[in-house]
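Shown here: coords_31.cif, mmCIF, C-alpha atoms.
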```
data_coords
#
loop_
_atom_site.label_atom_id
_atom_site.label_comp_id
_atom_site.auth_asym_id
_atom_site.auth_seq_id
_atom_site.Cartn_x
_atom_site.Cartn_y
_atom_site.Cartn_z
CA MET A 1 39.16 -89.42 -54.05
CA ASN A 2 40.96 -90.25 -50.79
CA SER A 3 41.51 -93.79 -49.53
CA THR A 4 38.62 -93.63 -47.04
CA THR A 5 36.18 -92.53 -49.72
CA ALA A 6 37.49 -95.12 -52.15
CA THR A 7 37.04 -97.87 -49.55
CA ALA A 8 33.50 -96.71 -48.84
CA ARG A 9 32.65 -96.76 -52.54
CA THR A 10 34.13 -100.26 -52.87
CA ASP A 11 32.00 -101.40 -49.94
CA GLU A 12 28.94 -99.89 -51.61
CA LEU A 13 29.63 -101.79 -54.83
CA ALA A 14 30.03 -104.99 -52.82
CA THR A 15 26.67 -104.36 -51.15
CA LEU A 16 25.07 -103.73 -54.53
CA ALA A 17 26.55 -106.96 -55.88
CA GLU A 18 25.10 -108.87 -52.93
CA LEU A 19 21.70 -107.49 -53.92
CA GLY A 20 22.20 -108.53 -57.54
CA VAL A 21 23.24 -105.13 -58.93
CA ARG A 22 26.48 -104.95 -60.90
CA ILE A 23 28.29 -102.67 -63.29
CA LEU A 24 28.08 -103.75 -66.92
CA ASP A 25 31.63 -103.70 -68.29
CA PRO A 26 31.76 -102.36 -71.87
CA VAL A 27 34.89 -104.28 -72.89
CA SER A 28 35.87 -107.27 -70.79
CA GLY A 29 33.90 -110.37 -69.89
CA ASP A 30 30.86 -109.47 -67.84
CA GLY A 31 31.66 -111.77 -64.93
CA PHE A 32 28.07 -113.02 -64.72
CA SER A 33 28.93 -116.72 -64.92
CA ASP A 34 26.87 -117.36 -61.78
CA GLU A 35 23.74 -115.87 -63.35
CA PRO A 36 21.00 -117.65 -65.37
CA GLU A 37 21.80 -118.20 -69.03
CA TRP A 38 18.89 -116.00 -70.16
CA PHE A 39 20.35 -113.06 -68.26
CA THR A 40 23.88 -113.40 -69.65
CA LYS A 41 22.45 -113.62 -73.18
CA ALA A 42 20.25 -110.58 -72.55
CA LEU A 43 23.26 -108.59 -71.32
CA ALA A 44 25.27 -109.45 -74.45
CA VAL A 45 22.48 -108.24 -76.76
CA PHE A 46 21.88 -105.16 -74.64
CA LYS A 47 25.56 -104.21 -74.69
CA GLU A 48 25.73 -104.71 -78.45
CA ASN A 49 22.81 -102.32 -78.96
CA VAL A 50 23.54 -99.62 -76.39
CA GLY A 51 27.28 -99.74 -77.12
CA ALA A 52 26.84 -99.05 -80.83
CA ARG A 53 28.12 -95.62 -81.83
CA GLU A 54 24.86 -94.97 -83.71
CA TYR A 55 22.62 -95.83 -80.77
CA PRO A 56 20.23 -92.87 -80.33
CA CYS A 57 20.47 -92.42 -76.54
CA HIS A 58 23.82 -90.78 -75.94
CA PHE A 59 23.31 -90.94 -72.18
CA GLY A 60 22.96 -94.72 -72.15
CA ARG A 61 25.97 -95.29 -74.38
CA ARG A 62 28.04 -92.85 -72.35
CA ALA A 63 27.06 -94.56 -69.09
CA LEU A 64 28.12 -97.91 -70.54
CA GLU A 65 31.46 -96.55 -71.78
CA GLN A 66 32.23 -94.96 -68.41
CA ARG A 67 31.20 -98.05 -66.43
CA GLU A 68 28.26 -96.19 -64.90
CA LEU A 69 25.54 -98.44 -66.27
CA PHE A 70 24.31 -100.85 -63.60
CA VAL A 71 22.23 -103.95 -64.30
CA THR A 72 20.03 -106.34 -62.33
CA ARG A 73 17.31 -108.90 -63.04
CA VAL A 74 13.69 -109.17 -61.94
CA ASP A 75 11.42 -112.14 -61.39
CA PRO A 76 8.05 -111.14 -62.94
CA ALA A 77 6.27 -113.05 -60.20
CA ARG A 78 8.06 -111.06 -57.47
CA PRO A 79 8.64 -107.49 -58.73
CA LYS A 80 8.73 -106.17 -55.15
CA ASP A 81 12.10 -107.89 -54.83
CA LEU A 82 13.46 -105.07 -56.99
CA ALA A 83 12.79 -102.57 -54.18
CA ALA A 84 15.95 -103.28 -52.15
CA PRO A 85 18.35 -103.31 -55.16
CA LEU A 86 16.85 -100.09 -56.54
CA ALA A 87 17.05 -98.35 -53.15
CA ALA A 88 20.71 -99.40 -52.79
CA PHE A 89 21.47 -98.12 -56.29
CA LEU A 90 19.87 -94.75 -55.48
CA ASP A 91 21.85 -94.52 -52.23
CA HIS A 92 25.00 -95.18 -54.25
CA VAL A 93 24.12 -92.46 -56.77
CA ALA A 94 23.11 -89.76 -54.26
CA PRO A 95 26.63 -88.60 -53.15
CA THR A 96 27.76 -88.07 -56.78
CA PRO A 97 24.84 -86.40 -58.58
CA GLU A 98 27.18 -85.08 -61.26
CA ARG A 99 27.66 -88.66 -62.51
CA ARG A 100 24.97 -89.82 -64.95
CA LYS A 101 24.44 -93.34 -63.60
CA VAL A 102 21.65 -95.57 -64.89
CA LEU A 103 20.13 -98.86 -63.72
CA ALA A 104 18.76 -101.35 -66.26
CA ALA A 105 16.46 -104.00 -64.76
CA PHE A 106 15.85 -107.07 -66.95
CA VAL A 107 12.59 -108.92 -66.40
CA ALA A 108 12.74 -112.69 -66.83
CA ALA A 109 10.39 -114.03 -69.49
CA GLY A 110 7.32 -115.80 -68.16
CA ASP A 111 5.92 -119.12 -69.33
CA THR A 112 3.34 -117.42 -71.55
CA PRO A 113 4.51 -115.13 -74.39
CA LEU A 114 3.22 -111.56 -74.06
CA ASP A 115 1.92 -109.18 -76.68
CA HIS A 116 2.81 -105.49 -76.63
CA GLN A 117 -0.07 -104.58 -74.34
CA GLY A 118 0.93 -107.39 -72.01
CA TYR A 119 4.44 -105.99 -71.71
CA GLY A 120 2.96 -102.59 -70.94
CA GLU A 121 0.82 -104.03 -68.17
CA LEU A 122 3.85 -105.85 -66.75
CA PHE A 123 5.92 -102.65 -66.84
CA TRP A 124 3.32 -100.64 -64.93
CA SER A 125 2.79 -103.52 -62.51
CA VAL A 126 6.49 -103.40 -61.60
CA LEU A 127 6.35 -99.64 -60.98
CA GLN A 128 3.13 -99.97 -58.99
CA GLN A 129 4.54 -102.67 -56.75
CA LEU A 130 7.74 -100.69 -56.23
CA HIS A 131 5.60 -97.73 -55.15
CA ASP A 132 3.54 -99.92 -52.83
CA ALA A 133 6.76 -101.25 -51.24
CA ASP A 134 8.40 -97.83 -50.92
CA THR A 135 9.30 -96.94 -47.33
CA GLU A 136 10.23 -93.32 -48.11
CA PRO A 137 7.64 -90.52 -48.44
CA TRP A 138 6.75 -89.17 -51.85
CA PRO A 139 8.73 -85.93 -52.43
CA ALA A 140 6.69 -82.97 -51.16
CA ASP A 141 7.40 -80.88 -54.28
CA LEU A 142 6.43 -83.66 -56.71
CA PRO A 143 2.78 -83.88 -57.87
CA GLU A 144 0.94 -87.06 -56.98
CA LYS A 145 -1.39 -86.97 -59.99
CA THR A 146 -0.03 -88.31 -63.27
CA ASP A 147 -2.02 -85.80 -65.32
CA ASP A 148 0.18 -83.01 -63.95
CA PRO A 149 3.02 -82.11 -66.39
CA ALA A 150 5.45 -82.01 -63.44
CA TRP A 151 4.65 -85.58 -62.36
CA GLU A 152 7.23 -88.32 -62.66
CA PHE A 153 7.86 -91.59 -60.90
CA SER A 154 9.62 -91.44 -57.56
CA PHE A 155 11.10 -94.16 -55.40
CA HIS A 156 13.17 -93.97 -52.23
CA GLY A 157 12.62 -90.20 -52.26
CA THR A 158 14.22 -89.88 -55.71
CA PRO A 159 12.36 -88.53 -58.77
CA MET A 160 13.39 -90.29 -61.96
CA PHE A 161 12.60 -90.95 -65.58
CA VAL A 162 11.79 -94.61 -66.21
CA PHE A 163 11.24 -96.05 -69.64
CA ALA A 164 10.57 -99.52 -70.97
CA ALA A 165 12.23 -101.41 -73.81
CA ALA A 166 10.07 -104.30 -75.01
CA PRO A 167 10.85 -107.03 -77.56
CA THR A 168 7.53 -106.36 -79.32
CA HIS A 169 8.81 -103.04 -80.68
CA GLU A 170 9.62 -103.54 -84.36
CA LEU A 171 9.22 -100.06 -85.82
CA ARG A 172 11.11 -98.40 -82.98
CA GLN A 173 14.12 -100.62 -82.38
CA SER A 174 15.54 -98.05 -79.96
CA ARG A 175 12.84 -99.31 -77.58
CA SER A 176 13.70 -102.98 -78.17
CA LEU A 177 16.91 -104.10 -76.47
CA GLY A 178 16.62 -107.86 -76.72
CA ALA A 179 14.21 -110.67 -75.91
CA ASN A 180 13.26 -109.34 -72.47
CA LEU A 181 11.38 -106.40 -71.03
CA VAL A 182 13.96 -103.92 -69.71
CA LEU A 183 13.21 -101.04 -67.32
CA LEU A 184 15.75 -98.23 -67.37
CA PHE A 185 15.83 -96.07 -64.25
CA GLN A 186 17.39 -92.65 -64.75
CA PRO A 187 17.47 -90.44 -61.62
CA ARG A 188 16.56 -86.84 -62.43
CA ASN A 189 20.17 -85.74 -61.86
CA VAL A 190 21.06 -87.50 -65.13
CA PHE A 191 19.46 -84.56 -66.93
CA HIS A 192 21.11 -81.79 -64.89
CA GLY A 193 22.33 -79.08 -67.24
CA ILE A 194 20.41 -80.42 -70.22
CA GLU A 195 16.85 -79.82 -69.06
CA GLY A 196 14.15 -79.24 -71.66
CA GLY A 197 14.20 -75.69 -72.99
CA THR A 198 17.83 -75.01 -72.05
CA PRO A 199 20.32 -74.43 -74.90
CA SER A 200 22.26 -77.58 -74.03
CA GLY A 201 19.04 -79.54 -73.61
CA ILE A 202 17.70 -78.43 -76.98
CA VAL A 203 20.93 -79.51 -78.70
CA ALA A 204 21.02 -82.87 -76.87
CA ARG A 205 17.41 -83.72 -77.75
CA ARG A 206 17.85 -82.65 -81.36
CA ARG A 207 20.79 -85.03 -81.68
CA ILE A 208 18.86 -87.87 -80.08
CA ARG A 209 15.87 -87.38 -82.37
CA ASP A 210 18.09 -87.16 -85.44
CA ARG A 211 19.66 -90.46 -84.42
CA LEU A 212 16.22 -91.96 -83.77
CA ARG A 213 15.20 -91.24 -87.36
CA LYS A 214 18.20 -93.25 -88.58
CA TRP A 215 17.95 -96.10 -86.06
CA ASP A 216 14.18 -96.63 -86.13
CA THR A 217 11.91 -97.27 -89.08
CA ALA A 218 9.29 -94.86 -87.73
CA ALA A 219 9.42 -91.22 -86.72
CA PRO A 220 9.85 -90.41 -83.01
CA HIS A 221 6.64 -91.24 -81.14
CA PRO A 222 4.24 -88.27 -80.75
CA ALA A 223 4.24 -88.77 -76.97
CA MET A 224 7.91 -87.85 -76.70
CA GLY A 225 8.34 -84.41 -75.17
CA ASP A 226 10.20 -82.37 -72.57
CA TYR A 227 9.69 -82.77 -68.84
CA GLY A 228 7.65 -79.90 -67.40
CA ASP A 229 6.18 -78.83 -70.76
CA PRO A 230 2.49 -78.03 -70.03
CA SER A 231 1.48 -80.03 -73.12
CA ASN A 232 3.50 -83.09 -72.11
CA PHE A 233 2.68 -85.86 -69.64
CA GLU A 234 5.77 -87.74 -68.55
CA TRP A 235 4.05 -91.07 -67.97
CA ARG A 236 3.09 -91.37 -71.63
CA GLN A 237 6.78 -91.61 -72.53
CA TYR A 238 7.48 -94.46 -70.13
CA PHE A 239 5.84 -97.19 -72.21
CA ILE A 240 4.93 -96.19 -75.75
CA ALA A 241 2.70 -97.91 -78.28
CA GLU A 242 4.27 -99.72 -81.21
CA ASP A 243 2.39 -97.41 -83.60
CA ASP A 244 1.69 -93.69 -83.13
CA GLY A 245 -1.27 -94.30 -80.85
CA GLU A 246 -1.51 -94.53 -77.08
CA ALA A 247 -0.54 -97.69 -75.22
CA PHE A 248 -2.88 -96.67 -72.38
CA GLU A 249 -5.64 -94.07 -72.44
CA THR A 250 -5.11 -93.29 -68.76
CA CYS A 251 -2.08 -93.93 -66.59
CA PRO A 252 -2.26 -97.35 -64.84
CA PHE A 253 -0.21 -96.02 -61.90
CA GLN A 254 -2.12 -95.26 -58.72
CA HIS A 255 -0.56 -93.11 -56.01
#
```
Is it possible to give me this structure as structure tokens?
Amino acid sequence: MNSTTATARTDELATLAELGVRILDPVSGDGFSDEPEWFTKALAVFKENVGAREYPCHFGRRALEQRELFVTRVDPARPKDLAAPLAAFLDHVAPTPERRKVLAAFVAAGDTPLDHQGYGELFWSVLQQLHDADTEPWPADLPEKTDDPAWEFSFHGTPMFVFAAAPTHELRQSRSLGANLVLLFQPRNVFHGIEGGTPSGIVARRRIRDRLRKWDTAAPHPAMGDYGDPSNFEWRQYFIAEDDGEAFETCPFQH
């Protein structure tokens, strides 16, 4: 990386920080002393979980170790405020698609405790409001209907896999990363070279599911599948039920 590129990247990180998006450091102090106490506590728990060597998602742990895991916080009353930080993160990621960067968005707890269904409704509300605030067109080659196996969420012209971690998960602790709802945004480039059905992808998913069996007290959820598989609908993996059932019979997202 030459000095001009390095300066540009530094400027990008400064812009992200101004929008409330920062890199989560795996070792040193997080440098979030100016943030609300709930957020700093949530980051500590999150880092303890994702940073554990036994944590099932290798991609998340790897992103944390390589300082490629970005974090931000969301006011549940103003989820559209996430639009600008997410767009800036995606702009930062675009020039280096070979890097597997991830954004974790922590939703502040409301005044009223939520049950599992309530967290699911909040999760889909955030995605819906992001979509409604999106100023970029939906990718032409991406289906608009969620009952198409090739559908996935897109924002700022970028297809991505988004999944929720909710504190109400007890059987599947891999989907519980602390006391807050967390949305993890993984641009599709994160899975380049390890797509479903490829030799590398098969090995990667087998390892993840083996780790899930050790980390969780329930088998991997039946909704978990490979993107593009005709029998799989991506949206069902975004927010899963606590048991083996369906959190939502139909997808709450409306294009």
Give me the residues near range 22-36 of chain A as a PyMOL selection string, where near means some atom within 12 Å (using all atoms listed in the file) and where sequence neighbours in that chain fewer than 3 positions away do not count. chain A and resi 12-19+39-44+46-52+60-75+85-86+88-89+92+101-106+108-109
Please determine, counting only C-alpha atoms, which residue among A:Glu152, A:Asp11, A:Glu249, A:Asp115 has the shortest atom-to-atom distance to Thr168 in chain A. A:Asp115
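Across A:Arg211, A:Gly245, A:Gln237, A:Asp216, the tightest approach to Cys57 in chain A is made by A:Arg211 when counting all atoms listed in the file.
Taking CA of Lys145 in chain A and CA of Trp235 in chain A as the two end points, the separation is 10.5 Å.
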Box for range 112-131 of chain A - axis-aligned, 3 Å on each of the six sides, all listed atoms - centre and size in Å to one decimal, as JSON.
```
{"center_x": 3.8, "center_y": -107.6, "center_z": -65.9, "size_x": 13.8, "size_y": 25.7, "size_z": 27.5}
```
Result set, the PyMOL selection byres ((chain A and resi 254) around 12) on current file, as a list in words: Trp124, Ser125, Leu127, Gln128, Gln129, Leu130, His131, Asp132, Glu144, Lys145, Thr146, Asp147, Phe153, Trp235, Thr250, Cys251, Pro252, Phe253 and His255 of chain A
For each of A:Thr10, A:Thr135, A:Asn189, A:Thr158, take the minimum atom-to-atom distance to Pro97 in chain A, counting only C-alpha atoms, then give the residue where this is smallest. A:Asn189
Residues matched by the PyMOL selection byres ((chain A and resi 214) around 12) as an MDAnalysis selection string: chainID A and resid 54:56 171:174 207:213 215:220
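Using all atoms listed in the file for every distance, the candidate list A:Asn232, A:Thr112, A:Thr96, A:Ser176 yields A:Thr96 as the residue closest to Val190 in chain A.
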Compute the distance from (14.8, -91.2, -54.0) to each atom, counting all atoms listed in the file, keep the residues with any atom at most 12 Å away, and return them as a ChimeraX atom specification; use the coordinates of the file. /A:83,86-94,131,134-140,142,152-161,185-189
Emit the selected residues as a PDB file, in the coordinates of the input, including C-alpha atoms.
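See result-v3.pdb below for the written result:
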```pdb
ATOM      1  CA  ALA A  83      12.790-102.570 -54.180  1.00  0.00           C
ATOM      2  CA  LEU A  86      16.850-100.090 -56.540  1.00  0.00           C
ATOM      3  CA  ALA A  87      17.050 -98.350 -53.150  1.00  0.00           C
ATOM      4  CA  ALA A  88      20.710 -99.400 -52.790  1.00  0.00           C
ATOM      5  CA  PHE A  89      21.470 -98.120 -56.290  1.00  0.00           C
ATOM      6  CA  LEU A  90      19.870 -94.750 -55.480  1.00  0.00           C
ATOM      7  CA  ASP A  91      21.850 -94.520 -52.230  1.00  0.00           C
ATOM      8  CA  HIS A  92      25.000 -95.180 -54.250  1.00  0.00           C
ATOM      9  CA  VAL A  93      24.120 -92.460 -56.770  1.00  0.00           C
ATOM     10  CA  ALA A  94      23.110 -89.760 -54.260  1.00  0.00           C
ATOM     11  CA  HIS A 131       5.600 -97.730 -55.150  1.00  0.00           C
ATOM     12  CA  ASP A 134       8.400 -97.830 -50.920  1.00  0.00           C
ATOM     13  CA  THR A 135       9.300 -96.940 -47.330  1.00  0.00           C
ATOM     14  CA  GLU A 136      10.230 -93.320 -48.110  1.00  0.00           C
ATOM     15  CA  PRO A 137       7.640 -90.520 -48.440  1.00  0.00           C
ATOM     16  CA  TRP A 138       6.750 -89.170 -51.850  1.00  0.00           C
ATOM     17  CA  PRO A 139       8.730 -85.930 -52.430  1.00  0.00           C
ATOM     18  CA  ALA A 140       6.690 -82.970 -51.160  1.00  0.00           C
ATOM     19  CA  LEU A 142       6.430 -83.660 -56.710  1.00  0.00           C
ATOM     20  CA  GLU A 152       7.230 -88.320 -62.660  1.00  0.00           C
ATOM     21  CA  PHE A 153       7.860 -91.590 -60.900  1.00  0.00           C
ATOM     22  CA  SER A 154       9.620 -91.440 -57.560  1.00  0.00           C
ATOM     23  CA  PHE A 155      11.100 -94.160 -55.400  1.00  0.00           C
ATOM     24  CA  HIS A 156      13.170 -93.970 -52.230  1.00  0.00           C
ATOM     25  CA  GLY A 157      12.620 -90.200 -52.260  1.00  0.00           C
ATOM     26  CA  THR A 158      14.220 -89.880 -55.710  1.00  0.00           C
ATOM     27  CA  PRO A 159      12.360 -88.530 -58.770  1.00  0.00           C
ATOM     28  CA  MET A 160      13.390 -90.290 -61.960  1.00  0.00           C
ATOM     29  CA  PHE A 161      12.600 -90.950 -65.580  1.00  0.00           C
ATOM     30  CA  PHE A 185      15.830 -96.070 -64.250  1.00  0.00           C
ATOM     31  CA  GLN A 186      17.390 -92.650 -64.750  1.00  0.00           C
ATOM     32  CA  PRO A 187      17.470 -90.440 -61.620  1.00  0.00           C
ATOM     33  CA  ARG A 188      16.560 -86.840 -62.430  1.00  0.00           C
ATOM     34  CA  ASN A 189      20.170 -85.740 -61.860  1.00  0.00           C
TER      35      ASN A 189
END
```
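Comparing the minimum interatomic distances between Arg78 in chain A and each of A:Val162, A:Val21, A:Val45, A:Leu122, counting all atoms listed in the file, we find that A:Leu122 sits nearest.
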Distance CA of Phe163 in chain A-CA of Ala133 in chain A, one decimal place? 19.6 Å
Please complete range 108-122 of chain A so it has N, CA and C atoms, and hand it over as a PDB file, in the coordinates of the input.
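Printed below is rebuild_34.pdb as written:
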```pdb
ATOM      1  N   ALA A 108      12.717-111.337 -66.284  1.00  0.00           N
ATOM      2  CA  ALA A 108      12.740-112.690 -66.830  1.00  0.00           C
ATOM      3  C   ALA A 108      11.456-112.962 -67.599  1.00  0.00           C
ATOM      4  N   ALA A 109      11.567-113.697 -68.694  1.00  0.00           N
ATOM      5  CA  ALA A 109      10.390-114.030 -69.490  1.00  0.00           C
ATOM      6  C   ALA A 109       9.532-115.041 -68.738  1.00  0.00           C
ATOM      7  N   GLY A 110       8.227-114.867 -68.799  1.00  0.00           N
ATOM      8  CA  GLY A 110       7.320-115.800 -68.160  1.00  0.00           C
ATOM      9  C   GLY A 110       7.063-117.015 -69.039  1.00  0.00           C
ATOM     10  N   ASP A 111       6.227-117.905 -68.568  1.00  0.00           N
ATOM     11  CA  ASP A 111       5.920-119.120 -69.330  1.00  0.00           C
ATOM     12  C   ASP A 111       5.050-118.831 -70.537  1.00  0.00           C
ATOM     13  N   THR A 112       4.260-117.764 -70.462  1.00  0.00           N
ATOM     14  CA  THR A 112       3.340-117.420 -71.550  1.00  0.00           C
ATOM     15  C   THR A 112       3.854-116.197 -72.291  1.00  0.00           C
ATOM     16  N   PRO A 113       4.055-116.291 -73.620  1.00  0.00           N
ATOM     17  CA  PRO A 113       4.510-115.130 -74.390  1.00  0.00           C
ATOM     18  C   PRO A 113       3.533-113.966 -74.264  1.00  0.00           C
ATOM     19  N   LEU A 114       4.058-112.751 -74.203  1.00  0.00           N
ATOM     20  CA  LEU A 114       3.220-111.560 -74.060  1.00  0.00           C
ATOM     21  C   LEU A 114       3.144-110.791 -75.361  1.00  0.00           C
ATOM     22  N   ASP A 115       2.003-110.125 -75.574  1.00  0.00           N
ATOM     23  CA  ASP A 115       1.920-109.180 -76.680  1.00  0.00           C
ATOM     24  C   ASP A 115       2.354-107.814 -76.165  1.00  0.00           C
ATOM     25  N   HIS A 116       2.298-106.795 -77.022  1.00  0.00           N
ATOM     26  CA  HIS A 116       2.810-105.490 -76.630  1.00  0.00           C
ATOM     27  C   HIS A 116       2.053-104.922 -75.441  1.00  0.00           C
ATOM     28  N   GLN A 117       0.734-105.072 -75.454  1.00  0.00           N
ATOM     29  CA  GLN A 117      -0.070-104.580 -74.340  1.00  0.00           C
ATOM     30  C   GLN A 117       0.286-105.311 -73.051  1.00  0.00           C
ATOM     31  N   GLY A 118       0.565-106.606 -73.184  1.00  0.00           N
ATOM     32  CA  GLY A 118       0.930-107.390 -72.010  1.00  0.00           C
ATOM     33  C   GLY A 118       2.234-106.907 -71.386  1.00  0.00           C
ATOM     34  N   TYR A 119       3.196-106.538 -72.238  1.00  0.00           N
ATOM     35  CA  TYR A 119       4.440-105.990 -71.710  1.00  0.00           C
ATOM     36  C   TYR A 119       4.205-104.649 -71.012  1.00  0.00           C
ATOM     37  N   GLY A 120       3.285-103.867 -71.566  1.00  0.00           N
ATOM     38  CA  GLY A 120       2.960-102.590 -70.940  1.00  0.00           C
ATOM     39  C   GLY A 120       2.348-102.787 -69.564  1.00  0.00           C
ATOM     40  N   GLU A 121       1.444-103.747 -69.464  1.00  0.00           N
ATOM     41  CA  GLU A 121       0.820-104.030 -68.170  1.00  0.00           C
ATOM     42  C   GLU A 121       1.846-104.539 -67.170  1.00  0.00           C
ATOM     43  N   LEU A 122       2.795-105.350 -67.640  1.00  0.00           N
ATOM     44  CA  LEU A 122       3.850-105.850 -66.750  1.00  0.00           C
ATOM     45  C   LEU A 122       4.739-104.704 -66.282  1.00  0.00           C
TER      46      LEU A 122
END
```
